[in-house]
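What follows is a single structure, written as structure tokens, with notes after it.
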Amino acid sequence: MAPIFSRRHVLALGAATGLAPLLGACGDGSPSSPNSSTGPVKLPTYKPVTAATPDLIAEPAGVSPGYFTYPAASSAASQPVRGEAVTALTYTYDPIAPALGSNPYWQNLNSKLGTELKITYVASTDYKSKVATTIAGGDLPDIVAIQGVVQQMPAMLKATFTDLTEYLSGDAVLAYPNLAALPTDAWRSTVYDGRIWGIPVPRARIGTVLYTRADLLAKAGLSLQPDSWAEFKEMADALTDERGGRWAFGQIPFNTILEMNGITGNWPGGAGVWQAEGGVFTHSGTTPQFTQALEDTVELVKSGVVHPDHAGAPNTKRNAWMLAGTTSFTIGGYAGWGKFYGQAKDVPGFRLTGMLSPTRDGTGTQVRTPGPTLSSFTAMAKTDNADRIKQILRVLDWLCAPFGSSEYLALRYGVEGRTFTRNGSDPTLTEAARSQIFLPVRYLAEASPVIYEPGNRQAVQDQHDHQVAGVPLAVADPALGLYSETAASKAASEQQELDSVLLEIQLGNKPVSAWQPAIKKFMDRVGNKIKAEYEEQAGG
């Protein structure tokens, strides 16, 4: 979860860190401190770097390269950094890794890096409070993962972290080749008040996937890609057998239905729910297409094709249904594709693909919601020591080494013969190393994603095919690179109330007509203010 501080909490932190005067100057909901890539800053020059030739090329733009095998000989991408230790604070979604003294993977990493990387980390669910108390204590580590948007974000960054613009903007970034290879869009979310405040941790642009049990659809004689809403419903009916304990979906595919109606964004309560044309922003929830999508959703749920226990079921349960064949689809982040194959190793014939949303009537242009450009960005504690700044940037550059390099091998697998072995040229972690690599280095910095599933050529091909088909359909979020203080500080409770109404409508507990007063209330309370803040920045 992104760190979110109440204004009272941020002001309390300001008293402890010297932040209060800056926070007061920002004002309440003022767009005077925009996150805008259209300001005076020049985004870092993009220059790709590769250490291995891909089997499947990264085209069209935004598609990740695919590798069927790991290169037999790894190439060096950069020199060891050396110098004094670097301390870091970040988050994890995994169990805690063994400590440095009993972690050969971590020891090898420090040896290759040439300096000691001291990482403090907590579960992502506890991260916001950890960041808050660390800032309040005034003793920050050298680098800190910034996850999500917090209240008074521009002022907080200015008071607490180092402005990295002169080191990273334009061609300056070329001094750090691996950082220059990070995608341009990922950098946009590191820019506030026209300055660069950190290093992005990029993510694949394909975004959320409607995961499809291709083997089950093939067995039922169904197409892997319906051409219309009518065909989508027919497919769902064919995959549902209530007496046999089978349903098409493990959750309501609302975002898929939105895309069928030409609307992108992550609902409920997610990013990308704004449309813009000619500098005028429109909340997608206010459009007729959204109302049509709601009506379609209610119709789908009433038809009985969604698992009856879907409401409140955790993702682990939904994924288990799909793996067991109880359902044929589940919705999840793209990063989980390979994990499904690991969990389904004993399922005969298991094959996973991703389904794209057709247009509602089978004509016109398909659309897709892109994934987030980054999972977080890594900021540097405030310092004016240029040599120290450059050393830390070299550390982050090293951590972004590309697939096929010796650094990448050390980052993902450790040391051959001790933490991993080879199956052909493909590295395989030893049993002991599986816990060691939980060290969350990748949430500080990492290279742009690649597609690589050891020993599973079909999975690599299916992922690449899905990206090639889906990425060109992505509609960019017009609010990307913009900052709304109202959204950061005031919208949470209003969004929660709106999401509650949305769910009640989808479940059939409220009529579709309940949506209009709900979205009007949201817009009156916060939406119109957010709209104005975005429009002022976009126009500027």
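Scheme for the structure tokens: letters A, B, ... for chains in order shown; per-chain residue numbers from 1; ligand numbers from 1 in order shown.
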
Could you give me, as a tab-separated table, every stretch 428-520 of chain A residue with an atom at most 10 Å from stretch 207-221 of chain A, plus its closest atom pair and distance in Å to one decimal, counting only C-alpha atoms, rows ordered by chain then number?
residue	atom	partner	partner_atom	distance
A:His466	CA	A:Val209	CA	9.3
A:Gln467	CA	A:Gly207	CA	9.5
A:Gly470	CA	A:Gly207	CA	9.5
A:Val471	CA	A:Gly207	CA	8.9
A:Ala474	CA	A:Gly207	CA	9.3

Problem - Every residue of stretch 328-504 of chain A that DSSP places in alpha helix (DSSP H), as an MDAnalysis selection string - result: chainID A and resid 337:343 386:399 406:412 433:436 457:470 485:489 491:504

Problem - Residue nearest A:Ala186 among A:Tyr93, A:Tyr443, A:Phe377, A:Phe438 (counting only C-alpha atoms) - result: A:Phe377

Practice task
Return the single residue from A:Gly404, A:Pro478, A:Pro440, A:Gly354 that is closest to A:Gly279, with distances computed using only C-alpha atoms.
Solution key: A:Pro478

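By chain and then residue number, the residues within 10 Å of A:Ser284 are Leu258, Gly262, Ile263, Thr264, Gly265, Gly272, Val273, Trp274, Gln275, Ala276, Phe281, Thr282, Thr286, Thr287, Pro288, Gln289, Phe290 and Thr291 of chain A, counting only C-alpha atoms and disregarding those fewer than 2 positions away in sequence.
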
For the selection you just gave me, I'd like the residues written to a file as a compact mmCIF listing (two decimals), in the first residue's frame, keeping N, CA and C atoms.
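That gives us again.txt:
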# COMPACT_ATOMS: atom_id res chain seq x y z
N LEU A 258 -15.50 -2.57 -18.86
CA LEU A 258 -15.26 -1.14 -19.12
C LEU A 258 -14.51 -0.96 -20.43
N GLY A 262 -15.04 1.05 -24.20
CA GLY A 262 -14.14 2.15 -24.57
C GLY A 262 -13.54 2.91 -23.42
N ILE A 263 -13.65 2.39 -22.19
CA ILE A 263 -13.16 3.11 -21.01
C ILE A 263 -11.96 2.37 -20.41
N THR A 264 -10.90 3.11 -20.16
CA THR A 264 -9.74 2.53 -19.50
C THR A 264 -9.64 3.06 -18.07
N GLY A 265 -8.78 2.42 -17.28
CA GLY A 265 -8.61 2.82 -15.88
C GLY A 265 -8.76 1.62 -14.97
N GLY A 272 -5.81 6.14 -13.49
CA GLY A 272 -6.17 6.12 -14.89
C GLY A 272 -7.64 6.28 -15.18
N VAL A 273 -8.41 6.85 -14.24
CA VAL A 273 -9.86 6.97 -14.44
C VAL A 273 -10.24 8.31 -15.07
N TRP A 274 -9.22 9.07 -15.49
CA TRP A 274 -9.49 10.36 -16.14
C TRP A 274 -9.26 10.26 -17.64
N GLN A 275 -10.12 10.94 -18.39
CA GLN A 275 -9.95 11.11 -19.83
C GLN A 275 -9.64 12.58 -20.08
N ALA A 276 -8.95 12.87 -21.15
CA ALA A 276 -8.64 14.27 -21.45
C ALA A 276 -8.63 14.49 -22.96
N PHE A 281 -10.34 17.76 -18.78
CA PHE A 281 -10.37 16.44 -18.14
C PHE A 281 -11.82 16.04 -17.82
N THR A 282 -12.09 14.75 -18.01
CA THR A 282 -13.41 14.18 -17.71
C THR A 282 -13.21 12.90 -16.89
N THR A 286 -18.39 9.61 -15.08
CA THR A 286 -19.50 10.52 -15.43
C THR A 286 -20.02 10.30 -16.84
N THR A 287 -19.45 9.36 -17.59
CA THR A 287 -19.80 9.19 -19.00
C THR A 287 -20.91 8.17 -19.20
N PRO A 288 -21.64 8.28 -20.31
CA PRO A 288 -22.68 7.28 -20.63
C PRO A 288 -22.10 5.89 -20.82
N GLN A 289 -20.88 5.82 -21.33
CA GLN A 289 -20.25 4.51 -21.55
C GLN A 289 -20.05 3.76 -20.22
N PHE A 290 -19.77 4.51 -19.16
CA PHE A 290 -19.60 3.89 -17.86
C PHE A 290 -20.93 3.30 -17.38
N THR A 291 -22.00 4.02 -17.57
CA THR A 291 -23.32 3.52 -17.17
C THR A 291 -23.66 2.25 -17.95

Practice task
Could you check how far atom CA of A:Arg525 sits from atom CA of A:Glu497, in Å to one decimal?
Solution key: 11.7 Å

Please report, as a Markdown table, each residue of stretch 322-422 of chain A lying at most 10 Å from stretch 198-206 of chain A, together with the nearest pair of atoms and the separation in Å rounded to one decimal; use only C-alpha atoms, and order rows by chain and ascending residue number.
| residue | atom | partner | partner_atom | distance |
| --- | --- | --- | --- | --- |
| A:Gly333 | CA | A:Ile206 | CA | 9.1 |
| A:Tyr334 | CA | A:Ile206 | CA | 7.0 |
| A:Ala335 | CA | A:Ala204 | CA | 8.0 |
| A:Arg368 | CA | A:Ile206 | CA | 8.6 |
| A:Thr369 | CA | A:Ile206 | CA | 8.0 |
| A:Pro370 | CA | A:Ile206 | CA | 5.6 |
| A:Gly371 | CA | A:Arg205 | CA | 4.8 |
| A:Pro372 | CA | A:Arg203 | CA | 6.7 |
| A:Thr373 | CA | A:Arg203 | CA | 5.6 |
| A:Leu374 | CA | A:Pro202 | CA | 4.2 |
| A:Ser375 | CA | A:Val201 | CA | 5.8 |
| A:Ser376 | CA | A:Val201 | CA | 5.6 |
| A:Phe377 | CA | A:Pro200 | CA | 4.2 |
| A:Thr378 | CA | A:Gly198 | CA | 5.0 |
| A:Ala379 | CA | A:Gly198 | CA | 4.3 |
| A:Met380 | CA | A:Gly198 | CA | 6.9 |
| A:Leu393 | CA | A:Ile199 | CA | 8.8 |
| A:Leu396 | CA | A:Ile199 | CA | 7.9 |
| A:Asp397 | CA | A:Ile199 | CA | 9.3 |
| A:Cys400 | CA | A:Val201 | CA | 9.0 |

Those same residues, written as a PDB file, in the first residue's frame with N, CA, C and O atoms?
ATOM      1  N   GLY A 333      -2.055  -9.099 -11.717  1.00  0.00           N
ATOM      2  CA  GLY A 333      -0.957  -8.350 -12.294  1.00  0.00           C
ATOM      3  C   GLY A 333      -0.109  -9.209 -13.212  1.00  0.00           C
ATOM      4  O   GLY A 333       0.040 -10.424 -13.005  1.00  0.00           O
ATOM      5  N   TYR A 334       0.478  -8.582 -14.202  1.00  0.00           N
ATOM      6  CA  TYR A 334       1.265  -9.309 -15.195  1.00  0.00           C
ATOM      7  C   TYR A 334       2.467 -10.021 -14.563  1.00  0.00           C
ATOM      8  O   TYR A 334       2.869 -11.102 -15.012  1.00  0.00           O
ATOM      9  N   ALA A 335       3.028  -9.430 -13.501  1.00  0.00           N
ATOM     10  CA  ALA A 335       4.223 -10.005 -12.883  1.00  0.00           C
ATOM     11  C   ALA A 335       3.985 -11.412 -12.345  1.00  0.00           C
ATOM     12  O   ALA A 335       4.933 -12.159 -12.110  1.00  0.00           O
ATOM     13  N   ARG A 368      -7.081  -0.597 -24.049  1.00  0.00           N
ATOM     14  CA  ARG A 368      -6.547  -1.361 -22.929  1.00  0.00           C
ATOM     15  C   ARG A 368      -5.966  -0.397 -21.905  1.00  0.00           C
ATOM     16  O   ARG A 368      -5.405   0.644 -22.258  1.00  0.00           O
ATOM     17  N   THR A 369      -6.114  -0.744 -20.635  1.00  0.00           N
ATOM     18  CA  THR A 369      -5.522   0.042 -19.561  1.00  0.00           C
ATOM     19  C   THR A 369      -4.062  -0.363 -19.396  1.00  0.00           C
ATOM     20  O   THR A 369      -3.778  -1.530 -19.138  1.00  0.00           O
ATOM     21  N   PRO A 370      -3.128   0.568 -19.558  1.00  0.00           N
ATOM     22  CA  PRO A 370      -1.722   0.194 -19.381  1.00  0.00           C
ATOM     23  C   PRO A 370      -1.403  -0.051 -17.916  1.00  0.00           C
ATOM     24  O   PRO A 370      -2.110   0.401 -17.018  1.00  0.00           O
ATOM     25  N   GLY A 371      -0.328  -0.768 -17.682  1.00  0.00           N
ATOM     26  CA  GLY A 371       0.120  -0.974 -16.315  1.00  0.00           C
ATOM     27  C   GLY A 371       0.799   0.271 -15.784  1.00  0.00           C
ATOM     28  O   GLY A 371       1.099   1.210 -16.523  1.00  0.00           O
ATOM     29  N   PRO A 372       1.061   0.319 -14.478  1.00  0.00           N
ATOM     30  CA  PRO A 372       1.780   1.452 -13.906  1.00  0.00           C
ATOM     31  C   PRO A 372       3.190   1.514 -14.480  1.00  0.00           C
ATOM     32  O   PRO A 372       3.809   0.487 -14.758  1.00  0.00           O
ATOM     33  N   THR A 373       3.702   2.709 -14.675  1.00  0.00           N
ATOM     34  CA  THR A 373       5.033   2.847 -15.251  1.00  0.00           C
ATOM     35  C   THR A 373       6.123   2.401 -14.283  1.00  0.00           C
ATOM     36  O   THR A 373       7.222   2.067 -14.700  1.00  0.00           O
ATOM     37  N   LEU A 374       5.805   2.410 -12.995  1.00  0.00           N
ATOM     38  CA  LEU A 374       6.781   1.996 -11.991  1.00  0.00           C
ATOM     39  C   LEU A 374       6.068   1.451 -10.766  1.00  0.00           C
ATOM     40  O   LEU A 374       4.881   1.683 -10.567  1.00  0.00           O
ATOM     41  N   SER A 375       6.798   0.701  -9.952  1.00  0.00           N
ATOM     42  CA  SER A 375       6.226   0.225  -8.698  1.00  0.00           C
ATOM     43  C   SER A 375       6.549   1.186  -7.569  1.00  0.00           C
ATOM     44  O   SER A 375       5.822   1.257  -6.574  1.00  0.00           O
ATOM     45  N   SER A 376       7.655   1.918  -7.697  1.00  0.00           N
ATOM     46  CA  SER A 376       8.079   2.908  -6.715  1.00  0.00           C
ATOM     47  C   SER A 376       9.266   3.643  -7.320  1.00  0.00           C
ATOM     48  O   SER A 376       9.722   3.296  -8.421  1.00  0.00           O
ATOM     49  N   PHE A 377       9.736   4.685  -6.649  1.00  0.00           N
ATOM     50  CA  PHE A 377      11.020   5.250  -7.061  1.00  0.00           C
ATOM     51  C   PHE A 377      11.888   5.435  -5.830  1.00  0.00           C
ATOM     52  O   PHE A 377      11.393   5.523  -4.702  1.00  0.00           O
ATOM     53  N   THR A 378      13.189   5.440  -6.045  1.00  0.00           N
ATOM     54  CA  THR A 378      14.141   5.476  -4.951  1.00  0.00           C
ATOM     55  C   THR A 378      14.780   6.847  -4.850  1.00  0.00           C
ATOM     56  O   THR A 378      15.449   7.301  -5.780  1.00  0.00           O
ATOM     57  N   ALA A 379      14.532   7.519  -3.729  1.00  0.00           N
ATOM     58  CA  ALA A 379      15.051   8.866  -3.484  1.00  0.00           C
ATOM     59  C   ALA A 379      16.298   8.794  -2.615  1.00  0.00           C
ATOM     60  O   ALA A 379      16.507   7.829  -1.877  1.00  0.00           O
ATOM     61  N   MET A 380      17.113   9.845  -2.691  1.00  0.00           N
ATOM     62  CA  MET A 380      18.366   9.907  -1.948  1.00  0.00           C
ATOM     63  C   MET A 380      18.241  10.942  -0.840  1.00  0.00           C
ATOM     64  O   MET A 380      17.811  12.076  -1.080  1.00  0.00           O
ATOM     65  N   LEU A 393      24.555   6.870  -6.963  1.00  0.00           N
ATOM     66  CA  LEU A 393      23.975   6.677  -8.299  1.00  0.00           C
ATOM     67  C   LEU A 393      24.652   5.512  -9.013  1.00  0.00           C
ATOM     68  O   LEU A 393      23.992   4.768  -9.757  1.00  0.00           O
ATOM     69  N   LEU A 396      23.035   2.373  -7.700  1.00  0.00           N
ATOM     70  CA  LEU A 396      21.721   2.169  -8.314  1.00  0.00           C
ATOM     71  C   LEU A 396      21.858   1.749  -9.772  1.00  0.00           C
ATOM     72  O   LEU A 396      21.096   0.920 -10.274  1.00  0.00           O
ATOM     73  N   ASP A 397      22.851   2.318 -10.463  1.00  0.00           N
ATOM     74  CA  ASP A 397      23.113   1.922 -11.842  1.00  0.00           C
ATOM     75  C   ASP A 397      23.509   0.449 -11.904  1.00  0.00           C
ATOM     76  O   ASP A 397      23.047  -0.298 -12.771  1.00  0.00           O
ATOM     77  N   CYS A 400      20.691  -1.911 -11.719  1.00  0.00           N
ATOM     78  CA  CYS A 400      19.846  -1.919 -12.919  1.00  0.00           C
ATOM     79  C   CYS A 400      20.510  -2.638 -14.087  1.00  0.00           C
ATOM     80  O   CYS A 400      20.120  -2.450 -15.247  1.00  0.00           O
TER      81      CYS A 400
END

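In terms of minimum interatomic distance to A:Asn108, A:Leu409 ranks closest within A:Ile257, A:Leu409, A:Ile135, A:Ile196, counting only C-alpha atoms.
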